[in-house]
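Enquirer: File follows, input-v4.txt with compact mmCIF, C-alpha atoms:
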```txt
# COMPACT_ATOMS: atom_id res chain seq x y z
CA MET A 1 14.29 -75.41 136.99
CA ASN A 2 17.88 -74.76 138.13
CA THR A 3 17.53 -71.15 137.02
CA PHE A 4 14.26 -70.84 138.92
CA ARG A 5 15.78 -72.30 142.10
CA ASN A 6 18.78 -69.99 141.83
CA LEU A 7 16.51 -67.00 141.33
CA CYS A 8 14.53 -67.98 144.42
CA ALA A 9 17.68 -68.35 146.56
CA VAL A 10 19.08 -64.99 145.43
CA GLY A 11 15.67 -63.36 145.83
CA PHE A 12 15.36 -64.67 149.39
CA LEU A 13 18.68 -63.15 150.47
CA ALA A 14 18.03 -59.87 148.66
CA ARG A 15 14.56 -59.44 150.14
CA PHE A 16 15.78 -60.35 153.62
CA SER A 17 18.46 -57.67 153.34
CA TYR A 18 15.98 -55.10 152.06
CA ALA A 19 13.34 -55.93 154.69
CA LEU A 20 15.84 -55.53 157.53
CA ALA A 21 16.45 -51.94 156.46
CA ARG A 22 12.78 -51.19 155.84
CA ASN A 23 10.11 -52.29 158.29
CA PRO A 24 9.73 -51.65 161.20
CA VAL A 25 13.29 -50.28 161.41
CA LEU A 26 13.01 -47.50 158.81
CA PRO A 27 9.98 -45.58 160.19
CA LEU A 28 11.30 -45.97 163.74
CA PHE A 29 14.74 -44.73 162.66
CA ALA A 30 13.14 -41.72 160.99
CA LEU A 31 11.25 -41.11 164.25
CA PHE A 32 14.54 -41.44 166.16
CA LEU A 33 16.06 -38.77 163.89
CA GLY A 34 13.23 -36.41 164.83
CA ALA A 35 10.91 -36.81 161.84
CA GLY A 36 7.18 -36.07 162.11
CA PRO A 37 4.39 -38.04 160.39
CA GLU A 38 4.79 -36.32 157.01
CA ALA A 39 8.56 -36.84 157.03
CA ILE A 40 8.24 -40.50 158.11
CA GLY A 41 5.90 -41.14 155.20
CA LEU A 42 8.37 -39.54 152.78
CA ALA A 43 11.28 -41.58 154.16
CA VAL A 44 9.37 -44.84 153.69
CA GLY A 45 7.99 -43.91 150.27
CA ILE A 46 11.02 -42.34 148.61
CA SER A 47 12.75 -45.64 147.76
CA THR A 48 9.64 -46.63 145.85
CA VAL A 49 9.80 -43.34 143.94
CA THR A 50 13.06 -44.70 142.53
CA GLY A 51 11.10 -47.59 141.07
CA ILE A 52 8.74 -45.18 139.33
CA PHE A 53 11.66 -43.81 137.33
CA PHE A 54 13.72 -46.95 136.78
CA LYS A 55 11.54 -50.09 136.68
CA LEU A 56 10.11 -49.58 133.20
CA PRO A 57 13.48 -48.67 131.61
CA SER A 58 15.17 -51.57 133.42
CA GLY A 59 12.60 -54.10 132.23
CA ALA A 60 12.68 -52.81 128.66
CA LEU A 61 16.48 -52.72 128.70
CA SER A 62 16.61 -56.38 129.73
CA ASP A 63 14.58 -57.26 126.61
CA VAL A 64 17.34 -55.70 124.53
CA VAL A 65 20.68 -56.32 126.31
CA GLY A 66 19.83 -59.44 128.30
CA ARG A 67 18.38 -60.41 131.65
CA ARG A 68 21.57 -61.50 133.43
CA ARG A 69 23.46 -58.24 133.04
CA THR A 70 20.49 -56.20 134.20
CA MET A 71 19.80 -58.41 137.22
CA LEU A 72 23.43 -58.34 138.34
CA ALA A 73 23.38 -54.54 138.19
CA GLY A 74 20.42 -54.58 140.61
CA LEU A 75 22.13 -57.12 142.88
CA THR A 76 25.18 -54.85 143.06
CA VAL A 77 22.96 -52.18 144.63
CA PHE A 78 21.55 -54.76 147.07
CA GLY A 79 25.11 -55.58 148.10
CA VAL A 80 26.67 -52.12 148.32
CA MET A 81 24.02 -49.61 149.41
CA PRO A 82 23.17 -51.02 152.90
CA PHE A 83 26.68 -50.06 154.07
CA CYS A 84 25.71 -46.41 153.59
CA TYR A 85 23.14 -46.63 156.42
CA LEU A 86 25.99 -47.02 158.88
CA PHE A 87 27.02 -43.40 158.27
CA ILE A 88 23.61 -41.73 158.45
CA ASP A 89 23.31 -39.07 161.14
CA SER A 90 20.52 -36.85 159.78
CA TYR A 91 17.08 -37.14 158.21
CA GLY A 92 18.34 -35.62 154.93
CA ALA A 93 21.05 -38.27 154.62
CA LEU A 94 18.42 -40.97 155.25
CA LEU A 95 16.35 -39.69 152.31
CA VAL A 96 19.34 -39.80 149.95
CA VAL A 97 20.32 -43.33 150.94
CA ARG A 98 16.74 -44.59 150.74
CA PHE A 99 16.31 -43.17 147.24
CA LEU A 100 19.50 -44.84 146.02
CA HIS A 101 18.72 -48.12 147.80
CA GLY A 102 15.47 -48.23 145.85
CA LEU A 103 17.54 -48.89 142.69
CA ALA A 104 18.02 -52.45 143.98
CA THR A 105 14.42 -53.56 143.62
CA ALA A 106 13.80 -51.17 140.70
CA VAL A 107 16.44 -52.85 138.53
CA TYR A 108 16.36 -56.45 139.78
CA GLY A 109 12.64 -56.98 140.46
CA PRO A 110 10.95 -56.61 137.04
CA VAL A 111 13.77 -58.43 135.25
CA ALA A 112 13.63 -61.43 137.58
CA MET A 113 9.85 -61.58 137.08
CA ALA A 114 10.36 -61.49 133.30
CA VAL A 115 12.75 -64.47 133.55
CA VAL A 116 10.12 -66.43 135.48
CA ALA A 117 7.39 -65.45 132.99
CA ASP A 118 9.67 -66.52 130.10
CA ALA A 119 9.89 -70.03 131.52
CA ALA A 120 6.44 -70.47 133.08
CA GLY A 121 4.25 -70.98 130.01
CA ALA A 122 0.64 -71.52 131.07
CA ARG A 123 1.66 -71.62 134.75
CA LYS A 124 2.49 -67.93 135.05
CA GLY A 125 0.22 -67.31 138.04
CA GLU A 126 1.61 -70.24 140.01
CA MET A 127 5.30 -69.72 139.18
CA LEU A 128 5.28 -65.96 139.67
CA SER A 129 3.51 -66.54 142.99
CA TRP A 130 6.09 -69.10 144.13
CA PHE A 131 8.90 -66.74 143.21
CA SER A 132 7.21 -63.89 145.05
CA SER A 133 6.49 -66.07 148.09
CA VAL A 134 10.14 -67.06 148.47
CA GLY A 135 11.06 -63.39 148.47
CA ILE A 136 8.30 -62.76 150.99
CA VAL A 137 9.92 -65.29 153.33
CA GLY A 138 12.91 -62.96 153.39
CA GLY A 139 10.63 -60.10 154.33
CA LEU A 140 8.90 -62.31 156.90
CA LEU A 141 12.18 -62.95 158.69
CA GLY A 142 13.57 -59.45 158.22
CA ALA A 143 10.74 -57.55 159.92
CA PRO A 144 10.62 -59.33 163.32
CA ILE A 145 14.41 -59.80 163.46
CA GLY A 146 14.89 -56.09 162.87
CA GLY A 147 12.24 -55.29 165.48
CA LEU A 148 13.81 -57.71 167.98
CA LEU A 149 17.26 -56.13 167.61
CA LEU A 150 15.71 -52.74 168.36
CA ASP A 151 13.78 -54.11 171.34
CA VAL A 152 16.71 -55.61 173.24
CA GLY A 153 18.23 -53.89 176.23
CA HIS A 154 16.76 -50.35 176.26
CA SER A 155 13.38 -49.77 177.90
CA GLY A 156 13.40 -46.13 176.79
CA GLY A 157 13.45 -47.06 173.12
CA PRO A 158 16.20 -48.08 170.67
CA VAL A 159 19.49 -46.20 170.51
CA LEU A 160 21.81 -45.50 167.58
CA TRP A 161 24.02 -48.59 167.86
CA GLN A 162 20.96 -50.84 167.65
CA PHE A 163 19.85 -49.26 164.39
CA ARG A 164 23.38 -49.62 163.03
CA ALA A 165 23.49 -53.28 164.05
CA VAL A 166 20.36 -53.92 161.95
CA PHE A 167 21.83 -52.04 158.99
CA ALA A 168 25.12 -53.99 159.28
CA LEU A 169 23.20 -57.27 159.08
CA SER A 170 21.33 -55.90 156.06
CA ALA A 171 24.66 -55.10 154.39
CA LEU A 172 26.08 -58.59 154.99
CA THR A 173 23.04 -60.39 153.56
CA GLY A 174 22.92 -57.99 150.60
CA MET A 175 26.53 -58.91 149.76
CA ALA A 176 25.63 -62.60 150.08
CA ALA A 177 22.85 -62.12 147.50
CA LEU A 178 25.28 -60.44 145.10
CA ILE A 179 27.95 -63.15 145.49
CA LEU A 180 25.41 -65.96 145.02
CA GLY A 181 23.98 -64.20 141.95
CA LEU A 182 27.42 -63.84 140.37
CA ARG A 183 28.08 -67.56 140.91
CA THR A 184 24.74 -69.08 139.92
CA LEU A 185 22.72 -66.88 137.55
CA GLY A 186 24.03 -68.25 134.27
CA ILE A 187 20.80 -67.45 132.41
CA HIS A 188 20.37 -68.34 128.76
CA GLU A 189 19.87 -65.06 126.94
CA ASN A 190 17.31 -64.74 124.15
CA VAL A 191 18.97 -61.62 122.78
CA GLU A 192 19.60 -60.95 119.11
CA GLN A 193 23.28 -60.52 118.38
CA GLY A 194 24.82 -58.02 115.99
CA LEU A 195 22.37 -55.19 116.64
CA GLY A 196 23.79 -51.70 116.67
CA PHE A 197 22.96 -48.98 119.15
CA ARG A 198 20.22 -47.52 116.94
CA GLU A 199 18.52 -50.89 116.50
CA ARG A 200 18.67 -51.64 120.21
CA LEU A 201 17.26 -48.23 121.03
CA SER A 202 14.41 -48.86 118.56
CA ARG A 203 13.61 -52.24 120.21
CA PHE A 204 13.73 -50.58 123.62
CA ALA A 205 11.20 -47.91 122.56
CA GLU A 206 9.01 -50.48 120.77
CA GLY A 207 8.59 -52.59 123.89
CA ILE A 208 7.65 -49.60 126.03
CA ARG A 209 5.23 -48.28 123.40
CA GLU A 210 3.43 -51.60 122.95
CA VAL A 211 2.90 -52.12 126.66
CA LEU A 212 1.79 -48.60 127.55
CA SER A 213 -0.69 -48.44 124.66
CA ASP A 214 -2.67 -51.42 126.01
CA ARG A 215 -5.30 -50.02 128.38
CA ARG A 216 -5.92 -53.48 129.87
CA ILE A 217 -2.30 -53.71 131.02
CA VAL A 218 -2.38 -50.16 132.36
CA THR A 219 -5.68 -50.71 134.20
CA THR A 220 -4.51 -53.96 135.80
CA SER A 221 -1.30 -52.27 136.86
CA CYS A 222 -3.30 -49.38 138.34
CA VAL A 223 -5.37 -51.82 140.39
CA GLU A 224 -2.16 -53.27 141.81
CA ALA A 225 -1.04 -49.67 142.45
CA ALA A 226 -4.16 -49.01 144.53
CA GLN A 227 -3.50 -52.11 146.63
CA ASN A 228 0.14 -51.11 147.01
CA MET A 229 -0.90 -47.63 148.11
CA ALA A 230 -2.61 -49.19 151.13
CA MET A 231 0.32 -51.53 151.74
CA GLY A 232 2.78 -48.62 151.63
CA ALA A 233 0.69 -46.71 154.15
CA LEU A 234 0.62 -49.80 156.36
CA GLU A 235 4.40 -50.20 156.14
CA ALA A 236 4.92 -46.62 157.22
CA PHE A 237 2.33 -46.23 159.95
CA MET A 238 1.50 -49.67 161.34
CA PRO A 239 4.77 -49.68 163.40
CA VAL A 240 4.26 -46.08 164.51
CA TYR A 241 0.57 -46.65 165.38
CA ALA A 242 1.36 -49.92 167.18
CA VAL A 243 4.12 -48.38 169.31
CA THR A 244 2.84 -44.85 169.97
CA VAL A 245 -0.97 -45.37 170.07
CA ALA A 246 -1.63 -49.05 170.85
CA GLY A 247 1.30 -49.20 173.31
CA LEU A 248 2.96 -52.29 171.80
CA SER A 249 6.70 -53.01 171.77
CA GLU A 250 8.94 -52.68 168.73
CA PHE A 251 9.16 -56.47 168.56
CA GLN A 252 5.37 -56.79 168.54
CA ALA A 253 5.23 -54.18 165.76
CA GLY A 254 7.59 -56.37 163.73
CA LEU A 255 5.45 -59.43 164.47
CA LEU A 256 2.36 -57.65 163.12
CA TRP A 257 4.11 -57.14 159.81
CA GLY A 258 5.17 -60.77 159.96
CA VAL A 259 1.53 -61.87 160.34
CA GLN A 260 0.64 -60.10 157.12
CA ILE A 261 3.65 -61.41 155.26
CA VAL A 262 3.24 -65.06 156.30
CA THR A 263 -0.43 -65.00 155.28
CA THR A 264 0.49 -63.61 151.87
CA MET A 265 3.36 -66.05 151.49
CA LEU A 266 1.28 -69.15 152.25
CA SER A 267 -1.69 -68.04 150.15
CA LYS A 268 0.01 -66.79 147.00
CA PRO A 269 1.05 -70.06 145.30
CA LEU A 270 -2.36 -71.65 145.90
CA MET A 271 -4.16 -68.57 144.62
CA GLY A 272 -1.77 -68.36 141.66
CA ARG A 273 -2.57 -71.94 140.65
CA PHE A 274 -6.29 -71.23 141.09
CA SER A 275 -6.04 -68.16 138.86
CA ASP A 276 -4.25 -70.19 136.15
CA SER A 277 -7.16 -72.62 135.96
CA ARG A 278 -10.24 -70.61 136.99
CA GLY A 279 -9.55 -67.01 136.02
CA ARG A 280 -7.80 -63.99 137.45
CA ARG A 281 -10.48 -61.24 137.55
CA PRO A 282 -12.58 -62.59 140.48
CA LEU A 283 -9.49 -63.04 142.66
CA ILE A 284 -8.31 -59.49 142.00
CA ALA A 285 -11.74 -57.99 142.78
CA GLY A 286 -12.16 -60.08 145.95
CA GLY A 287 -8.65 -59.25 147.13
CA LEU A 288 -9.27 -55.52 146.78
CA ALA A 289 -12.40 -55.82 148.91
CA LEU A 290 -10.57 -57.72 151.68
CA CYS A 291 -7.71 -55.21 151.70
CA ALA A 292 -10.13 -52.28 151.91
CA LEU A 293 -12.15 -53.68 154.83
CA SER A 294 -9.16 -54.75 156.92
CA PHE A 295 -7.23 -51.54 156.24
CA ALA A 296 -10.18 -49.41 157.35
CA ALA A 297 -10.49 -51.42 160.58
CA ILE A 298 -6.88 -51.00 161.76
CA PRO A 299 -7.13 -47.67 163.65
CA PHE A 300 -10.12 -49.02 165.60
CA GLN A 301 -8.04 -51.84 167.10
CA GLY A 302 -6.27 -51.16 170.39
CA GLY A 303 -4.49 -54.44 171.15
CA PHE A 304 -2.08 -56.88 169.56
CA TRP A 305 -4.63 -59.55 168.61
CA GLY A 306 -7.09 -57.16 166.98
CA LEU A 307 -4.30 -55.64 164.91
CA ALA A 308 -2.99 -59.12 164.09
CA CYS A 309 -6.40 -60.20 162.75
CA ALA A 310 -6.62 -57.08 160.58
CA CYS A 311 -3.11 -57.75 159.24
CA LEU A 312 -4.02 -61.38 158.51
CA VAL A 313 -7.06 -60.38 156.42
CA PHE A 314 -5.04 -57.70 154.62
CA GLY A 315 -2.33 -60.26 153.84
CA LEU A 316 -4.92 -62.62 152.35
CA GLY A 317 -6.35 -59.82 150.22
CA GLU A 318 -2.87 -58.89 149.04
CA ALA A 319 -2.23 -62.51 148.04
CA LEU A 320 -5.45 -62.62 146.00
CA VAL A 321 -4.53 -59.47 144.07
CA ALA A 322 -0.80 -60.04 143.64
CA SER A 323 -1.08 -63.72 142.63
CA SER A 324 -3.19 -62.76 139.61
CA SER A 325 -2.30 -59.23 138.53
CA ALA A 326 1.28 -59.79 137.31
CA ALA A 327 0.23 -63.01 135.56
CA LEU A 328 -2.69 -61.21 133.89
CA VAL A 329 -0.32 -58.53 132.59
CA ALA A 330 2.00 -61.23 131.18
CA ASP A 331 -1.01 -62.93 129.56
CA MET A 332 -1.79 -59.76 127.64
CA CYS A 333 1.57 -59.05 125.99
CA ARG A 334 3.96 -60.72 123.58
CA GLN A 335 6.70 -62.88 125.12
CA ARG A 336 9.61 -60.87 123.78
CA HIS A 337 8.28 -57.85 125.65
CA PHE A 338 7.87 -59.54 129.06
CA GLY A 339 10.60 -57.31 130.47
CA SER A 340 8.82 -54.17 129.30
CA ALA A 341 5.49 -55.48 130.61
CA MET A 342 6.90 -56.32 134.05
CA GLY A 343 8.71 -52.98 134.10
CA ALA A 344 5.53 -51.05 133.26
CA PHE A 345 3.60 -53.07 135.83
CA GLY A 346 6.25 -52.38 138.45
CA THR A 347 6.44 -48.68 137.61
CA ILE A 348 2.69 -48.13 137.95
CA PHE A 349 2.27 -50.09 141.16
CA ASP A 350 5.31 -48.28 142.56
CA VAL A 351 3.41 -45.03 142.00
CA GLY A 352 0.83 -46.44 144.40
CA HIS A 353 3.41 -47.85 146.79
CA ALA A 354 5.28 -44.54 146.96
CA SER A 355 2.16 -42.42 147.29
CA GLY A 356 0.79 -44.56 150.15
CA PRO A 357 3.32 -43.52 152.84
CA ILE A 358 3.49 -39.93 151.61
CA LEU A 359 -0.27 -39.44 151.30
CA SER A 360 -1.02 -41.22 154.57
CA GLY A 361 1.63 -39.15 156.35
CA LEU A 362 -0.04 -35.92 155.24
CA LEU A 363 -3.52 -37.21 156.10
CA VAL A 364 -2.55 -38.64 159.49
CA ALA A 365 -0.98 -35.32 160.47
CA TRP A 366 -4.13 -33.49 159.33
CA LEU A 367 -7.03 -35.86 160.09
CA GLY A 368 -5.67 -38.56 162.41
CA TYR A 369 -5.66 -42.34 161.98
CA LYS A 370 -9.40 -42.98 162.35
CA THR A 371 -10.29 -40.80 159.37
CA THR A 372 -7.26 -41.44 157.18
CA PHE A 373 -7.43 -45.23 156.99
CA PRO A 374 -11.15 -45.53 156.07
CA LEU A 375 -10.73 -42.70 153.53
CA MET A 376 -7.88 -44.49 151.79
CA ALA A 377 -9.82 -47.77 151.88
CA CYS A 378 -12.50 -46.12 149.74
CA VAL A 379 -9.96 -45.86 146.92
CA LEU A 380 -9.58 -49.66 146.91
CA LEU A 381 -13.33 -50.17 146.78
CA ALA A 382 -13.70 -47.68 143.94
CA ALA A 383 -11.05 -49.55 141.92
CA ILE A 384 -13.15 -52.75 141.77
CA PRO A 385 -15.88 -51.66 139.31
CA LEU A 386 -13.33 -49.74 137.23
CA PHE A 387 -11.18 -52.85 136.84
CA LEU A 388 -14.09 -55.16 135.98
CA ALA A 389 -15.39 -52.70 133.37
CA ARG A 390 -12.07 -51.99 131.64
CA VAL A 391 -10.51 -55.48 131.70
CA PRO A 392 -12.95 -57.91 130.06
CA GLU A 393 -12.92 -61.67 130.60
CA GLU A 394 -11.32 -62.16 127.18
CA ALA A 395 -8.10 -60.59 128.55
CA GLU A 396 -7.49 -63.82 130.45
CA GLN A 397 -7.57 -65.97 127.37
```
Using the file provided, produce a representation of the structure as structure tokens.

Expert:
Amino acid sequence: MNTFRNLCAVGFLARFSYALARNPVLPLFALFLGAGPEAIGLAVGISTVTGIFFKLPSGALSDVVGRRRTMLAGLTVFGVMPFCYLFIDSYGALLVVRFLHGLATAVYGPVAMAVVADAAGARKGEMLSWFSSVGIVGGLLGAPIGGLLLDVGHSGGPVLWQFRAVFALSALTGMAALILGLRTLGIHENVEQGLGFRERLSRFAEGIREVLSDRRIVTTSCVEAAQNMAMGALEAFMPVYAVTVAGLSEFQAGLLWGVQIVTTMLSKPLMGRFSDSRGRRPLIAGGLALCALSFAAIPFQGGFWGLACACLVFGLGEALVASSSAALVADMCRQRHFGSAMGAFGTIFDVGHASGPILSGLLVAWLGYKTTFPLMACVLLAAIPLFLARVPEEAEQ
């Protein structure tokens, strides 16, 4: 339990740091630098593209060389990269920094989840949900605090020093996560000693091959990817829609994201425990439906409370999906390949998360909000029958 508590504390600081630099600050900073809708979507999504390339190798590598080393490499990125935001003066520089900052969650995230899955036994849904919820608290605080710092003192919109103040706070908390991780994450490693490079490379490839050949794992990961596509679009364009169309303040835009996050945070552990005892498939299907309906409704809301209600329902749907999907993937693979499984899961859902801002940016520029959001919601609804058909009830056993 000490390891779990330490992981939660480090995860809180790391996610708080990352959230400060992401939402609503990132899309508004891209807008400040002169980016249009397509470019804003790319700026928000490009850090997730990093996860597409690095999450699976990072998870598989941790199965071979050990969890602690791999996690500390990710925490180093959390600690160092936020300082680079202080020197950004162009949209191109923002893209480079965002891509590199994405290494933080790409390396640390799947490995930390594998550590929790290693220790959770039959309580995977509950323990993974608790771990995720603690990280979500960091995101919950990061979004409105970042929005508040941008909202203070300038009625004409935030200026450069305000953005840099947010990024400086992100850098300080990222360093705190790294220092705490170095001091507390003394994880017992279940790594075979005496293996040469060739043997380790063979184990690395074996874990990846086993996970990617299981269509149930791939399908479940794709369902999470569909949900993350909508969430990525929401991250990118909820702040922009709230400020430029609904006429809300930057602080209110941050609060909207906080409504979604707090709903997910409070619901996840309860839903995770329910999925451990009653089954994961119904929660995933129901969560997809809630996300689809609330996402489609967003561009038809013109005030704070209507948008807040839509965010609340979306947050509940996200909790239903996320509390069960990672646990279901862990259920379906061998324990010594948990790192590979969490890496594959993270890679596939990052494809969705990265495509959400980019795709929605293109569609918003072409079709507008009121067509784009319902169109993307249809993807979530279409994923439900596909998931139920390809992942049978026996997968939960």

Enquirer: May I ask which of the residues A:Ile40, A:Ile348, A:Leu288, A:Met231 is the closest one to Ile384 (chain A), counting all atoms listed in the file?

Expert: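 Nearest to Ile384 (chain A): A:Leu288.
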
Enquirer: Just to confirm, what's the straight-line distance from CA of Arg280 (chain A) to CA of Gly11 (chain A) in Å (one decimal)?

Expert: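 It comes out at 24.9 Å.
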
Enquirer: In Å, rounded to a single decimal, give me how far CA of Trp257 (chain A) is from CA of Ala308 (chain A).

Expert: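 Separation between CA of Ala308 (chain A) and CA of Trp257 (chain A): 8.5 Å.
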
Enquirer: Choose the residue, out of A:Ala93, A:Leu375, A:Cys84, A:Leu362, that has the smallest atom-to-atom separation from Ala168 (chain A); count all atoms listed in the file.

Expert: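 Once distances to Ala168 (chain A) are computed over all atoms listed in the file, the minimum belongs to A:Cys84.
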
Enquirer: Rank nothing, just name the residue among A:Ala73, A:Val243, A:Leu270, A:Val351 nearest to Gly302 (chain A), using only C-alpha atoms.

Expert: A:Val243

Enquirer: I want to know what sits within 9 Å of Val259 (chain A), based on only C-alpha atoms, with residues of the same chain fewer than 5 positions away left out; could you give that as a ChimeraX atom specification?

Expert: /A:140,254,264,308-309,311-312,315

Enquirer: Please determine, counting all atoms listed in the file, which residue among A:Val240, A:Val262, A:Val115, A:Leu141 has the shortest atom-to-atom distance to Asn6 (chain A).

Expert: A:Val115

Enquirer: Out of A:Ala253, A:Val44, A:Leu185, A:Leu94, which residue has the shortest atom-to-atom distance to Ser360 (chain A) when counting only C-alpha atoms?

Expert: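 The answer is A:Val44, which sits nearest to Ser360 (chain A).
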
Enquirer: Would you compute the distance between CA of Ala382 (chain A) and CA of Gly139 (chain A)? Give it in Å to one decimal.

Expert: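 Calculated distance between CA of Ala382 (chain A) and CA of Gly139 (chain A) is 29.2 Å.
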